[in-house]
Amino acid sequence: YASTSHFGFFVCIKENRFAIGAPNAEVFGEYQPLPQAGAVYVFKKENEWVLDQKIIPSDPVASDHFGSAVAFNQNILVVGAPDKETRHE
């Protein structure tokens, strides 16, 4: 995990899982790398803590900062991306 990804700035824990935000992580888009698109890493406890999944947005865009907030609501992981542009149709 690159130090510039801000891995670990945002963490939440629920029972045997924890999620770590990396809002400045570079994500590889369809044609090019997308700096600061962001990612979230989910770990689970088995005999030891192991990476269960890496979550990236379905439509990553540079500088969205996906993973700037992470929280569990029941069994749902909620992830913030404060710089994601939204379209209202």
# chains A, B, ... in the order shown; residues from 1 in each chain; ligands from 1
$ residues_around --residues "Gly67 in chain A" --least-positions-apart "4" --cutoff "12 Å" --atoms "only C-alpha atoms" --output "ChimeraX atom specification"
/A:5-12,19-26,36-42,54-57,60,63,71,77-84
$ select_by_dssp --residues "chain A" --states "strand (DSSP E or B)" --output "PyMOL selection string"
chain A and resi 10-14+17-22+27-28+33-34+38-45+49-55+66+69-73+76-80
$ write_last_selection --atoms "C-alpha atoms" --output "JSON list (two decimals), in the first residue's frame"
[["chain", "number", "residue", "atom", "x", "y", "z"],
["A", 10, "PHE", "CA", -10.18, 5.99, 7.73],
["A", 11, "VAL", "CA", -10.94, 2.73, 9.53],
["A", 12, "CYS", "CA", -14.07, 1.00, 10.85],
["A", 13, "ILE", "CA", -14.45, -2.30, 12.64],
["A", 14, "LYS", "CA", -17.44, -4.61, 13.01],
["A", 17, "ARG", "CA", -14.21, -7.50, 9.82],
["A", 18, "PHE", "CA", -12.59, -4.16, 9.38],
["A", 19, "ALA", "CA", -12.50, -1.75, 6.47],
["A", 20, "ILE", "CA", -9.67, 0.61, 5.67],
["A", 21, "GLY", "CA", -10.06, 3.57, 3.34],
["A", 22, "ALA", "CA", -7.31, 4.65, 0.97],
["A", 27, "VAL", "CA", -7.03, 2.89, -9.59],
["A", 28, "PHE", "CA", -6.57, 1.60, -13.10],
["A", 33, "PRO", "CA", -4.41, 5.04, -14.28],
["A", 34, "LEU", "CA", -6.70, 7.26, -12.25],
["A", 38, "GLY", "CA", -9.59, 5.77, -4.07],
["A", 39, "ALA", "CA", -10.18, 2.28, -2.76],
["A", 40, "VAL", "CA", -11.32, 0.42, 0.34],
["A", 41, "TYR", "CA", -9.71, -2.75, 1.69],
["A", 42, "VAL", "CA", -11.81, -5.15, 3.75],
["A", 43, "PHE", "CA", -10.07, -7.61, 6.06],
["A", 44, "LYS", "CA", -11.64, -10.50, 7.94],
["A", 45, "LYS", "CA", -10.50, -12.55, 10.88],
["A", 49, "TRP", "CA", -6.46, -11.15, 9.67],
["A", 50, "VAL", "CA", -6.56, -11.61, 5.88],
["A", 51, "LEU", "CA", -7.51, -9.35, 3.00],
["A", 52, "ASP", "CA", -11.04, -10.33, 1.98],
["A", 53, "GLN", "CA", -11.57, -7.83, -0.82],
["A", 54, "LYS", "CA", -10.45, -4.59, -2.40],
["A", 55, "ILE", "CA", -13.36, -2.38, -3.35],
["A", 66, "PHE", "CA", -13.47, 7.03, -2.70],
["A", 69, "ALA", "CA", -15.14, 7.72, 5.00],
["A", 70, "VAL", "CA", -16.01, 4.13, 5.85],
["A", 71, "ALA", "CA", -18.70, 2.80, 8.18],
["A", 72, "PHE", "CA", -20.65, -0.36, 8.77],
["A", 73, "ASN", "CA", -24.44, -0.05, 9.04],
["A", 76, "ILE", "CA", -23.65, -2.99, 4.86],
["A", 77, "LEU", "CA", -20.39, -1.13, 4.30],
["A", 78, "VAL", "CA", -20.97, 2.54, 3.54],
["A", 79, "VAL", "CA", -18.17, 4.36, 1.70],
["A", 80, "GLY", "CA", -17.78, 8.09, 1.15]]
$ atom_distance --atom1 "CA of Asp59 in chain A" --atom2 "CA of Gln74 in chain A"
25.2 Å
$ closest_residue --among "A:Glu15, A:Thr4, A:Glu85, A:Asn75" --to "Val61 in chain A" --atoms "only C-alpha atoms"
A:Glu85
